[in-house]
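A.B. asks: Here you go, this is my_file.cif (mmCIF, C-alpha atoms and all ligand atoms; chains and numbers go by the auth columns).
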```
data_target
#
loop_
_atom_site.group_PDB
_atom_site.id
_atom_site.type_symbol
_atom_site.label_atom_id
_atom_site.label_comp_id
_atom_site.label_asym_id
_atom_site.label_seq_id
_atom_site.Cartn_x
_atom_site.Cartn_y
_atom_site.Cartn_z
_atom_site.B_iso_or_equiv
_atom_site.auth_seq_id
_atom_site.auth_asym_id
ATOM 1 C CA MET A 1 0.000 0.000 0.000 0.00 284 G
ATOM 2 C CA ALA A 2 1.328 3.423 -0.900 0.00 285 G
ATOM 3 C CA THR A 3 1.964 5.506 2.168 0.00 286 G
ATOM 4 C CA LYS A 4 1.045 9.122 1.862 0.00 287 G
ATOM 5 C CA ARG A 5 2.458 11.434 4.438 0.00 288 G
ATOM 6 C CA ASP A 6 1.062 14.861 3.798 0.00 289 G
ATOM 7 C CA LEU A 7 2.282 17.100 6.576 0.00 290 G
ATOM 8 C CA ALA A 8 2.099 20.329 4.555 0.00 291 G
ATOM 9 C CA GLU A 9 -0.622 21.843 6.726 0.00 292 G
ATOM 10 C CA TYR A 10 1.212 20.782 9.894 0.00 293 G
ATOM 11 C CA HIS A 11 4.343 22.537 8.661 0.00 294 G
ATOM 12 C CA ARG A 12 2.512 25.622 7.390 0.00 295 G
ATOM 13 C CA LYS A 13 1.028 26.287 10.828 0.00 296 G
ATOM 14 C CA ARG A 14 4.307 26.131 12.737 0.00 297 G
ATOM 15 C CA ASP A 15 7.604 28.032 12.946 0.00 298 G
ATOM 16 C CA PHE A 16 10.151 25.407 13.992 0.00 299 G
ATOM 17 C CA ALA A 17 12.592 28.100 15.056 0.00 300 G
ATOM 18 C CA ARG A 18 10.018 29.003 17.737 0.00 301 G
ATOM 19 C CA THR A 19 8.386 25.720 18.727 0.00 302 G
ATOM 20 C CA ARG A 20 9.975 22.518 19.976 0.00 303 G
ATOM 21 C CA GLU A 21 7.275 20.372 18.430 0.00 304 G
ATOM 22 C CA PRO A 22 8.730 17.656 16.151 0.00 305 G
ATOM 23 C CA LYS A 23 9.254 18.558 12.516 0.00 306 G
ATOM 24 C CA GLY A 24 8.324 15.064 11.480 0.00 307 G
ATOM 25 C CA ASN A 25 10.876 14.822 8.742 0.00 308 G
ATOM 26 C CA ASP A 26 11.931 11.303 9.682 0.00 309 G
ATOM 27 C CA SER A 27 10.357 8.575 7.642 0.00 310 G
ATOM 28 C CA ALA A 28 9.011 6.895 10.748 0.00 311 G
ATOM 29 C CA GLY A 29 8.425 7.905 14.311 0.00 312 G
ATOM 30 C CA PRO A 30 9.054 5.859 17.420 0.00 313 G
ATOM 31 C CA ARG A 31 6.789 2.844 17.049 0.00 314 G
ATOM 32 C CA ARG A 32 5.759 1.109 20.219 0.00 315 G
ATOM 33 C CA GLU A 33 6.194 -2.632 20.497 0.00 316 G
ATOM 34 C CA GLY A 34 3.357 -3.368 18.167 0.00 317 G
ATOM 35 C CA LYS A 35 0.802 -5.913 19.217 0.00 318 G
ATOM 36 C CA GLY A 36 -1.801 -3.943 17.360 0.00 319 G
ATOM 37 C CA ASP A 37 -2.270 -2.082 14.114 0.00 320 G
ATOM 38 C CA GLY A 38 -0.720 1.195 15.215 0.00 321 G
ATOM 39 C CA ALA A 39 -0.324 3.710 17.978 0.00 322 G
ATOM 40 C CA PHE A 40 -2.866 6.017 19.519 0.00 323 G
ATOM 41 C CA VAL A 41 -2.289 9.011 21.737 0.00 324 G
ATOM 42 C CA VAL A 42 -4.509 11.384 23.678 0.00 325 G
ATOM 43 C CA GLN A 43 -2.807 14.660 24.522 0.00 326 G
ATOM 44 C CA LEU A 44 -4.125 17.115 27.100 0.00 327 G
ATOM 45 C CA HIS A 45 -3.544 20.573 25.659 0.00 328 G
ATOM 46 C CA GLU A 46 -3.918 23.657 27.843 0.00 329 G
ATOM 47 C CA ALA A 47 -4.167 26.236 25.057 0.00 330 G
ATOM 48 C CA SER A 48 -6.556 29.197 24.711 0.00 331 G
ATOM 49 C CA THR A 49 -9.152 26.611 25.675 0.00 332 G
ATOM 50 C CA THR A 50 -8.180 23.408 27.455 0.00 333 G
ATOM 51 C CA HIS A 51 -8.997 20.386 25.302 0.00 334 G
ATOM 52 C CA PHE A 52 -7.791 16.929 24.380 0.00 335 G
ATOM 53 C CA ASP A 53 -6.267 15.853 21.063 0.00 336 G
ATOM 54 C CA PHE A 54 -7.026 12.314 19.945 0.00 337 G
ATOM 55 C CA ARG A 55 -4.635 10.810 17.386 0.00 338 G
ATOM 56 C CA LEU A 56 -4.562 7.473 15.563 0.00 339 G
ATOM 57 C CA GLU A 57 -1.703 6.182 13.428 0.00 340 G
ATOM 58 C CA ALA A 58 -2.774 5.595 9.820 0.00 341 G
ATOM 59 C CA ASP A 59 -1.064 6.088 6.464 0.00 342 G
ATOM 60 C CA GLY A 60 2.230 6.981 8.166 0.00 343 G
ATOM 61 C CA VAL A 61 0.832 9.937 10.098 0.00 344 G
ATOM 62 C CA LEU A 62 -1.258 10.574 13.185 0.00 345 G
ATOM 63 C CA LYS A 63 -4.820 11.299 12.085 0.00 346 G
ATOM 64 C CA SER A 64 -6.008 13.928 14.573 0.00 347 G
ATOM 65 C CA TRP A 65 -9.142 15.329 16.203 0.00 348 G
ATOM 66 C CA ALA A 66 -9.621 17.952 18.916 0.00 349 G
ATOM 67 C CA VAL A 67 -11.978 16.544 21.548 0.00 350 G
ATOM 68 C CA PRO A 68 -13.098 19.415 23.799 0.00 351 G
ATOM 69 C CA LYS A 69 -14.438 17.215 26.621 0.00 352 G
ATOM 70 C CA GLY A 70 -11.968 14.351 26.326 0.00 353 G
ATOM 71 C CA VAL A 71 -12.460 10.648 25.693 0.00 354 G
ATOM 72 C CA SER A 72 -15.184 9.060 27.825 0.00 355 G
ATOM 73 C CA ARG A 73 -15.556 5.509 29.114 0.00 356 G
ATOM 74 C CA ASP A 74 -19.346 5.932 29.151 0.00 357 G
ATOM 75 C CA PRO A 75 -21.125 4.618 26.011 0.00 358 G
ATOM 76 C CA GLY A 76 -23.845 7.177 26.710 0.00 359 G
ATOM 77 C CA ASP A 77 -21.441 10.065 26.080 0.00 360 G
ATOM 78 C CA LYS A 78 -21.164 11.179 22.473 0.00 361 G
ATOM 79 C CA ARG A 79 -18.007 13.249 22.419 0.00 362 G
ATOM 80 C CA LEU A 80 -17.588 15.851 19.704 0.00 363 G
ATOM 81 C CA ALA A 81 -14.305 15.370 17.817 0.00 364 G
ATOM 82 C CA VAL A 82 -13.261 18.137 15.424 0.00 365 G
ATOM 83 C CA PRO A 83 -10.746 17.015 12.784 0.00 366 G
ATOM 84 C CA THR A 84 -7.397 18.810 12.748 0.00 367 G
ATOM 85 C CA GLU A 85 -4.359 18.495 10.503 0.00 368 G
ATOM 86 C CA ASP A 86 -2.359 15.259 10.281 0.00 369 G
ATOM 87 C CA HIS A 87 0.546 15.186 12.725 0.00 370 G
ATOM 88 C CA PRO A 88 3.873 13.327 12.366 0.00 371 G
ATOM 89 C CA LEU A 89 4.185 10.035 14.240 0.00 372 G
ATOM 90 C CA GLU A 90 6.861 11.587 16.468 0.00 373 G
ATOM 91 C CA TYR A 91 4.200 13.913 17.862 0.00 374 G
ATOM 92 C CA GLY A 92 2.829 11.003 19.856 0.00 375 G
ATOM 93 C CA ALA A 93 5.701 11.386 22.325 0.00 376 G
ATOM 94 C CA PHE A 94 5.639 15.195 22.470 0.00 377 G
ATOM 95 C CA GLU A 95 5.242 16.844 25.848 0.00 378 G
ATOM 96 C CA GLY A 96 6.190 20.419 26.500 0.00 379 G
ATOM 97 C CA VAL A 97 5.225 24.032 26.112 0.00 380 G
ATOM 98 C CA ILE A 98 4.351 25.585 22.759 0.00 381 G
ATOM 99 C CA ALA A 99 5.639 29.167 22.881 0.00 382 G
ATOM 100 C CA ASP A 100 3.371 32.207 23.186 0.00 383 G
ATOM 101 C CA GLY A 101 2.304 33.477 19.800 0.00 384 G
ATOM 102 C CA GLU A 102 2.743 30.083 18.158 0.00 385 G
ATOM 103 C CA TYR A 103 -0.109 27.937 16.861 0.00 386 G
ATOM 104 C CA GLY A 104 -1.587 26.041 19.819 0.00 387 G
ATOM 105 C CA ALA A 105 0.459 28.015 22.371 0.00 388 G
ATOM 106 C CA GLY A 106 0.286 26.304 25.757 0.00 389 G
ATOM 107 C CA THR A 107 1.279 23.133 27.581 0.00 390 G
ATOM 108 C CA VAL A 108 0.910 19.651 26.072 0.00 391 G
ATOM 109 C CA MET A 109 0.791 16.397 28.098 0.00 392 G
ATOM 110 C CA VAL A 110 0.607 12.828 26.821 0.00 393 G
ATOM 111 C CA TRP A 111 -2.507 11.912 28.835 0.00 394 G
ATOM 112 C CA ASP A 112 -2.665 8.395 27.420 0.00 395 G
ATOM 113 C CA THR A 113 -0.985 6.329 24.727 0.00 396 G
ATOM 114 C CA GLY A 114 -0.758 2.745 23.566 0.00 397 G
ATOM 115 C CA ASP A 115 -1.601 0.523 20.649 0.00 398 G
ATOM 116 C CA TYR A 116 -4.914 0.121 18.904 0.00 399 G
ATOM 117 C CA ARG A 117 -6.427 -2.765 16.995 0.00 400 G
ATOM 118 C CA ASN A 118 -8.479 -1.861 13.950 0.00 401 G
ATOM 119 C CA LEU A 119 -11.998 -3.355 14.030 0.00 402 G
ATOM 120 C CA SER A 120 -13.429 -1.391 11.118 0.00 403 G
ATOM 121 C CA LYS A 121 -15.677 -3.233 8.705 0.00 404 G
ATOM 122 C CA HIS A 122 -17.474 -2.435 5.492 0.00 405 G
ATOM 123 C CA ARG A 123 -20.189 -4.845 4.296 0.00 406 G
ATOM 124 C CA GLY A 124 -18.939 -7.428 6.743 0.00 407 G
ATOM 125 C CA GLU A 125 -15.325 -7.285 5.572 0.00 408 G
ATOM 126 C CA GLN A 126 -12.459 -5.822 7.585 0.00 409 G
ATOM 127 C CA VAL A 127 -11.097 -2.626 5.997 0.00 410 G
ATOM 128 C CA PRO A 128 -7.905 -0.684 6.773 0.00 411 G
ATOM 129 C CA LEU A 129 -8.336 2.149 9.242 0.00 412 G
ATOM 130 C CA ALA A 130 -7.454 4.832 6.685 0.00 413 G
ATOM 131 C CA GLU A 131 -10.164 3.547 4.336 0.00 414 G
ATOM 132 C CA ALA A 132 -12.669 3.382 7.183 0.00 415 G
ATOM 133 C CA LEU A 133 -11.912 7.003 8.077 0.00 416 G
ATOM 134 C CA ASP A 134 -12.371 8.021 4.438 0.00 417 G
ATOM 135 C CA ARG A 135 -15.782 6.324 4.548 0.00 418 G
ATOM 136 C CA GLY A 136 -16.678 8.174 7.742 0.00 419 G
ATOM 137 C CA HIS A 137 -16.901 5.342 10.266 0.00 420 G
ATOM 138 C CA ALA A 138 -14.077 3.549 12.076 0.00 421 G
ATOM 139 C CA ALA A 139 -14.076 1.107 14.975 0.00 422 G
ATOM 140 C CA PHE A 140 -11.021 0.186 17.019 0.00 423 G
ATOM 141 C CA TRP A 141 -9.876 -1.318 20.299 0.00 424 G
ATOM 142 C CA LEU A 142 -7.594 0.803 22.495 0.00 425 G
ATOM 143 C CA ASP A 143 -4.943 -0.667 24.786 0.00 426 G
ATOM 144 C CA GLY A 144 -3.709 2.315 26.761 0.00 427 G
ATOM 145 C CA ASP A 145 -2.809 2.961 30.376 0.00 428 G
ATOM 146 C CA LYS A 146 -6.088 4.767 30.980 0.00 429 G
ATOM 147 C CA LEU A 147 -8.293 3.937 28.010 0.00 430 G
ATOM 148 C CA ARG A 148 -9.209 0.364 27.137 0.00 431 G
ATOM 149 C CA GLY A 149 -11.810 -1.299 25.024 0.00 432 G
ATOM 150 C CA GLY A 150 -13.769 -0.581 21.896 0.00 433 G
ATOM 151 C CA TYR A 151 -14.414 2.884 20.515 0.00 434 G
ATOM 152 C CA ALA A 152 -15.999 4.208 17.343 0.00 435 G
ATOM 153 C CA LEU A 153 -15.504 7.411 15.384 0.00 436 G
ATOM 154 C CA THR A 154 -18.369 8.524 13.139 0.00 437 G
ATOM 155 C CA ARG A 155 -18.409 11.521 10.810 0.00 438 G
ATOM 156 C CA LEU A 156 -21.455 13.767 10.857 0.00 439 G
ATOM 157 C CA ARG A 157 -22.919 15.666 7.910 0.00 440 G
ATOM 158 C CA ASP A 158 -21.248 18.917 9.009 0.00 441 G
ATOM 159 C CA GLY A 159 -17.772 17.348 8.963 0.00 442 G
ATOM 160 C CA ALA A 160 -17.438 17.039 12.739 0.00 443 G
ATOM 161 C CA TRP A 161 -17.121 13.552 14.233 0.00 444 G
ATOM 162 C CA LEU A 162 -18.442 11.764 17.294 0.00 445 G
ATOM 163 C CA LEU A 163 -16.134 9.589 19.416 0.00 446 G
ATOM 164 C CA VAL A 164 -18.120 7.044 21.427 0.00 447 G
ATOM 165 C CA LYS A 165 -17.214 4.168 23.747 0.00 448 G
ATOM 166 C CA GLU A 166 -18.605 0.790 22.700 0.00 449 G
ATOM 167 C CA ARG A 167 -20.482 -1.350 25.216 0.00 450 G
ATOM 168 C CA ASP A 168 -17.969 -3.855 26.573 0.00 451 G
ATOM 169 C CA LYS A 169 -16.445 -4.818 29.891 0.00 452 G
ATOM 170 C CA HIS A 170 -14.282 -1.681 29.898 0.00 453 G
ATOM 171 C CA ALA A 171 -17.267 0.651 29.650 0.00 454 G
ATOM 172 C CA SER A 172 -18.063 2.652 32.775 0.00 455 G
ATOM 173 C CA SER A 173 -20.617 5.283 33.541 0.00 456 G
ATOM 174 C CA THR A 174 -19.507 5.995 37.083 0.00 457 G
ATOM 175 C CA GLY A 175 -17.171 8.636 38.366 0.00 458 G
ATOM 176 C CA SER A 176 -16.137 11.894 36.827 0.00 459 G
ATOM 177 C CA PRO A 177 -12.612 12.621 35.630 0.00 460 G
ATOM 178 C CA PRO A 178 -10.291 14.725 37.776 0.00 461 G
ATOM 179 C CA HIS A 179 -9.741 18.375 36.942 0.00 462 G
ATOM 180 C CA PRO A 180 -7.165 18.696 34.124 0.00 463 G
ATOM 181 C CA HIS A 181 -4.734 20.319 36.580 0.00 464 G
ATOM 182 C CA ARG A 182 -4.724 17.075 38.587 0.00 465 G
ATOM 183 C CA MET A 183 -4.226 14.785 35.591 0.00 466 G
ATOM 184 C CA ARG A 184 -0.858 13.101 35.085 0.00 467 G
ATOM 185 C CA SER A 185 1.121 12.114 32.016 0.00 468 G
ATOM 186 C CA ALA A 186 1.012 8.489 30.941 0.00 469 G
ATOM 187 C CA LEU A 187 4.667 8.846 29.888 0.00 470 G
ATOM 188 C CA THR A 188 6.248 10.835 32.717 0.00 471 G
ATOM 189 C CA ARG A 189 3.569 11.023 35.471 0.00 472 G
ATOM 190 C CA ARG A 190 4.003 14.818 35.417 0.00 473 G
ATOM 191 C CA THR A 191 1.155 17.320 35.790 0.00 474 G
ATOM 192 C CA LEU A 192 0.721 20.215 33.355 0.00 475 G
ATOM 193 C CA ALA A 193 2.340 22.528 35.914 0.00 476 G
ATOM 194 C CA GLN A 194 5.350 20.217 36.281 0.00 477 G
ATOM 195 C CA ILE A 195 5.791 19.969 32.509 0.00 478 G
ATOM 196 C CA ALA A 196 5.765 23.776 32.263 0.00 479 G
ATOM 197 C CA ALA A 197 8.175 24.172 35.211 0.00 480 G
ATOM 198 C CA ASP A 198 10.609 21.624 33.745 0.00 481 G
ATOM 199 C CA GLU A 199 10.608 23.481 30.436 0.00 482 G
ATOM 200 C CA ASP A 200 11.270 26.812 32.205 0.00 483 G
ATOM 201 C CA ALA A 201 14.217 25.232 33.996 0.00 484 G
ATOM 202 C CA GLU A 202 15.715 24.095 30.691 0.00 485 G
ATOM 203 C CA ARG A 203 15.678 27.564 29.170 0.00 486 G
HETATM 204 MN MN MN B . -4.642 20.836 20.547 0.00 501 G
#
```
I need this file expressed as structure tokens, please.
C.D. replies:
Amino acid sequence: MATKRDLAEYHRKRDFARTREPKGNDSAGPRREGKGDGAFVVQLHEASTTHFDFRLEADGVLKSWAVPKGVSRDPGDKRLAVPTEDHPLEYGAFEGVIADGEYGAGTVMVWDTGDYRNLSKHRGEQVPLAEALDRGHAAFWLDGDKLRGGYALTRLRDGAWLLVKERDKHASSTGSPPHPHRMRSALTRRTLAQIAADEDAER
């Protein structure tokens, strides 16, 4: 399968002299020990509004959505997911502070990451994730530190998507998530404040 890696929009939005986000010029990012079909990452991003960014590896990039309320374990929650530009695979390990004045200025934490298994079907046949996304409906199983189980992404008529937990043993409708300021990185256990302080100390 031809791999298209179109990061033009990603590059257009960023000044790499000013941000420490990865350029994504390497042919491949750090792949996790793959039991599944690719990597997923959920980044907590304290920008002009605090939100989460959900990313799935497909076609050699991280397909990306901004999820204002984060990823829920409750199948009753239909979480709005607004598509954003493809990100390089290396972005899945990015934590740090995007400088003031830059696109997405603010602190980024890897809230969760792991592998996913593609469960997408069309007319009863399994289809690659990229094709499923093109068709507007993808199903996948997440194996993260925090998120586990089946999820589905469905495109709406207006181009936004819904990200919904499937009903399985990992579904839960109890408990509310902690405040974002109390959340910790799946990679480094740091809070947003600690990530920002560490970056200040490096300057
Ligand atoms: Mn973001």
A.B. asks: Apply the PyMOL selection byres (((not hetatm)) within 7 of (chain G and resi 501)) to the structure shown and report the selected residues as a PyMOL selection string.
C.D. replies: chain G and resi 328+334-336+349+387
A.B. asks: Given the point (9.2, 18.3, 24.3) in the coordinates of this file, which residues lie within 10 Å, counting only C-alpha atoms, and how would they look as a list in words?
C.D. replies: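 Returned residue set, sorted by chain then number, is Thr302, Arg303, Glu304, Pro305, Tyr374, Ala376, Phe377, Glu378, Gly379, Val380, Ile381, Thr390, Val391, Met392, Ile478 and Glu482 of chain G.
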A.B. asks: Choose the residue, out of G:Ser468, G:Ser459, G:Thr474, G:Thr396, that has the smallest atom-to-atom separation from Glu340 of chain G; count all atoms listed in the file.
C.D. replies: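 Closest candidate: G:Thr396.
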A.B. asks: Can you pull out every residue within 10 Å of Lys318 of chain G, counting all atoms listed in the file, but drop anything in the same chain fewer than 5 positions away, and send it as a PyMOL selection string?
C.D. replies: chain G and resi 397-400+426
A.B. asks: Taking the file as shown, find all residues satisfying the PyMOL selection byres (((chain G and resi 428) around 10) and not hetatm) and write them as a list in words.
C.D. replies: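 Selected by the PyMOL selection byres (((chain G and resi 428) around 10) and not hetatm) here: Trp394, Asp395, Thr396, Gly397, Leu425, Asp426, Gly427, Lys429, Leu430, Arg431, Ala469 and Leu470 of chain G.
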A.B. asks: Got time to write the residues from that selection, C-alpha atoms, as a compact mmCIF listing (two decimals), in the coordinates of the input?
C.D. replies:
```
# COMPACT_ATOMS: atom_id res chain seq x y z
CA TRP G 394 -2.51 11.91 28.84
CA ASP G 395 -2.66 8.40 27.42
CA THR G 396 -0.98 6.33 24.73
CA GLY G 397 -0.76 2.74 23.57
CA LEU G 425 -7.59 0.80 22.50
CA ASP G 426 -4.94 -0.67 24.79
CA GLY G 427 -3.71 2.32 26.76
CA LYS G 429 -6.09 4.77 30.98
CA LEU G 430 -8.29 3.94 28.01
CA ARG G 431 -9.21 0.36 27.14
CA ALA G 469 1.01 8.49 30.94
CA LEU G 470 4.67 8.85 29.89
```
A.B. asks: Could you please determine the separation between atom CA of Lys296 of chain G and atom CA of Glu329 of chain G in Å, to one decimal place?
C.D. replies: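 Separation of atom CA of Lys296 of chain G and atom CA of Glu329 of chain G: 17.9 Å.
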A.B. asks: Enter the distance from atom CA of Asp451 of chain G to atom CA of Val393 of chain G, in Å, rounded to one decimal.
C.D. replies: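 Taking atom CA of Asp451 of chain G and atom CA of Val393 of chain G, their separation equals 25.0 Å.
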A.B. asks: Would you work out the distance separating atom CA of Asn308 of chain G from atom CA of Leu416 of chain G, expressed in Å to one decimal?
C.D. replies: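 Taking atom CA of Asn308 of chain G as the start and atom CA of Leu416 of chain G as the end point, the length is 24.1 Å.
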A.B. asks: Name the closest residue to Leu446 of chain G among the candidates G:Pro463, G:Pro411, G:Pro358, G:Gly432; distances are taken between atoms, counting all atoms listed in the file.
C.D. replies: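 Between G:Pro463, G:Pro411, G:Pro358, G:Gly432, the residue approaching Leu446 of chain G most closely is G:Pro358.
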A.B. asks: With all atoms listed in the file as the basis for distance, which of G:Ala421, G:Leu475, G:Ala454, G:Leu363 is at the shortest distance from Leu436 of chain G?
C.D. replies: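 Among G:Ala421, G:Leu475, G:Ala454, G:Leu363, it is G:Ala421 that comes nearest to Leu436 of chain G.
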A.B. asks: Find the smallest box with edges along x, y and z containing every listed atom of segment 465-473 of chain G, then add 5 Å on each side and report centre and edge lengths in Å to one decimal, as JSON.
C.D. replies:
```
{"center_x": 0.8, "center_y": 12.8, "center_z": 34.2, "size_x": 21.0, "size_y": 18.6, "size_z": 18.7}
```
A.B. asks: My list of candidates is G:His294, G:Ala388, G:Val410, G:Asp320. Which is closest to Glu368 of chain G when distances are computed with all atoms listed in the file?
C.D. replies: G:His294
A.B. asks: Compare G:Arg440, G:Arg418, G:Arg338, G:Glu385 by their minimum atom-to-atom distance to Asp298 of chain G, counting all atoms listed in the file, and give me the closest one.
C.D. replies: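 Nearest candidate to Asp298 of chain G out of G:Arg440, G:Arg418, G:Arg338, G:Glu385: G:Glu385.
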A.B. asks: List as a ChimeraX atom specification the protein and nucleic acid residues near Arg356 of chain G, meaning an atom at most 7 Å away when all atoms listed in the file are counted, but skip any in the same chain fewer than 5 places from it.
C.D. replies: /G:448,454-456
A.B. asks: Using the chain letters and numbers from the file, give me the residues hit by the PyMOL selection byres (((chain G and resi 414) around 12) and not hetatm), as a ChimeraX atom specification.
C.D. replies: /G:284,341-342,401,403-405,409-413,415-422
A.B. asks: Using only C-alpha atoms, which protein or nucleic acid residues come within 10 Å of Arg362 of chain G? Drop anything in the same chain fewer than 2 positions from it, and give the result as an NGL selection string.
C.D. replies: :G and (350-355 or 358-360 or 364-365 or 436 or 444-448)
A.B. asks: Any chance you could build segment 430-444 of chain G out to N, CA and C atoms and write it as an mmCIF file, in the frame of the given file?
C.D. replies:
```cif
data_model
loop_
_atom_site.group_PDB
_atom_site.id
_atom_site.type_symbol
_atom_site.label_atom_id
_atom_site.label_comp_id
_atom_site.auth_asym_id
_atom_site.auth_seq_id
_atom_site.Cartn_x
_atom_site.Cartn_y
_atom_site.Cartn_z
ATOM 1 N N LEU G 430 -7.168 4.291 28.881
ATOM 2 C CA LEU G 430 -8.293 3.937 28.010
ATOM 3 C C LEU G 430 -8.127 2.512 27.515
ATOM 4 N N ARG G 431 -9.197 1.733 27.660
ATOM 5 C CA ARG G 431 -9.209 0.364 27.137
ATOM 6 C C ARG G 431 -10.563 0.079 26.538
ATOM 7 N N GLY G 432 -10.553 -0.823 25.569
ATOM 8 C CA GLY G 432 -11.810 -1.299 25.024
ATOM 9 C C GLY G 432 -12.139 -0.684 23.678
ATOM 10 N N GLY G 433 -13.344 -0.988 23.226
ATOM 11 C CA GLY G 433 -13.769 -0.581 21.896
ATOM 12 C C GLY G 433 -14.272 0.849 21.859
ATOM 13 N N TYR G 434 -13.939 1.522 20.777
ATOM 14 C CA TYR G 434 -14.414 2.884 20.515
ATOM 15 C C TYR G 434 -14.797 2.986 19.046
ATOM 16 N N ALA G 435 -15.640 3.949 18.734
ATOM 17 C CA ALA G 435 -15.999 4.208 17.343
ATOM 18 C C ALA G 435 -15.967 5.695 17.071
ATOM 19 N N LEU G 436 -15.504 6.032 15.883
ATOM 20 C CA LEU G 436 -15.504 7.411 15.384
ATOM 21 C C LEU G 436 -16.456 7.474 14.186
ATOM 22 N N THR G 437 -17.380 8.409 14.212
ATOM 23 C CA THR G 437 -18.369 8.524 13.139
ATOM 24 C C THR G 437 -18.456 9.969 12.678
ATOM 25 N N ARG G 438 -18.339 10.169 11.366
ATOM 26 C CA ARG G 438 -18.409 11.521 10.810
ATOM 27 C C ARG G 438 -19.857 11.947 10.646
ATOM 28 N N LEU G 439 -20.121 13.189 11.020
ATOM 29 C CA LEU G 439 -21.455 13.767 10.857
ATOM 30 C C LEU G 439 -21.518 14.539 9.541
ATOM 31 N N ARG G 440 -22.731 14.953 9.181
ATOM 32 C CA ARG G 440 -22.919 15.666 7.910
ATOM 33 C C ARG G 440 -22.119 16.968 7.866
ATOM 34 N N ASP G 441 -21.927 17.616 9.021
ATOM 35 C CA ASP G 441 -21.248 18.917 9.009
ATOM 36 C C ASP G 441 -19.730 18.782 9.046
ATOM 37 N N GLY G 442 -19.219 17.546 8.991
ATOM 38 C CA GLY G 442 -17.772 17.348 8.963
ATOM 39 C C GLY G 442 -17.164 17.113 10.331
ATOM 40 N N ALA G 443 -17.906 17.410 11.403
ATOM 41 C CA ALA G 443 -17.438 17.039 12.739
ATOM 42 C C ALA G 443 -17.640 15.530 12.922
ATOM 43 N N TRP G 444 -17.009 14.986 13.949
ATOM 44 C CA TRP G 444 -17.121 13.552 14.233
ATOM 45 C C TRP G 444 -17.620 13.371 15.661
#
```
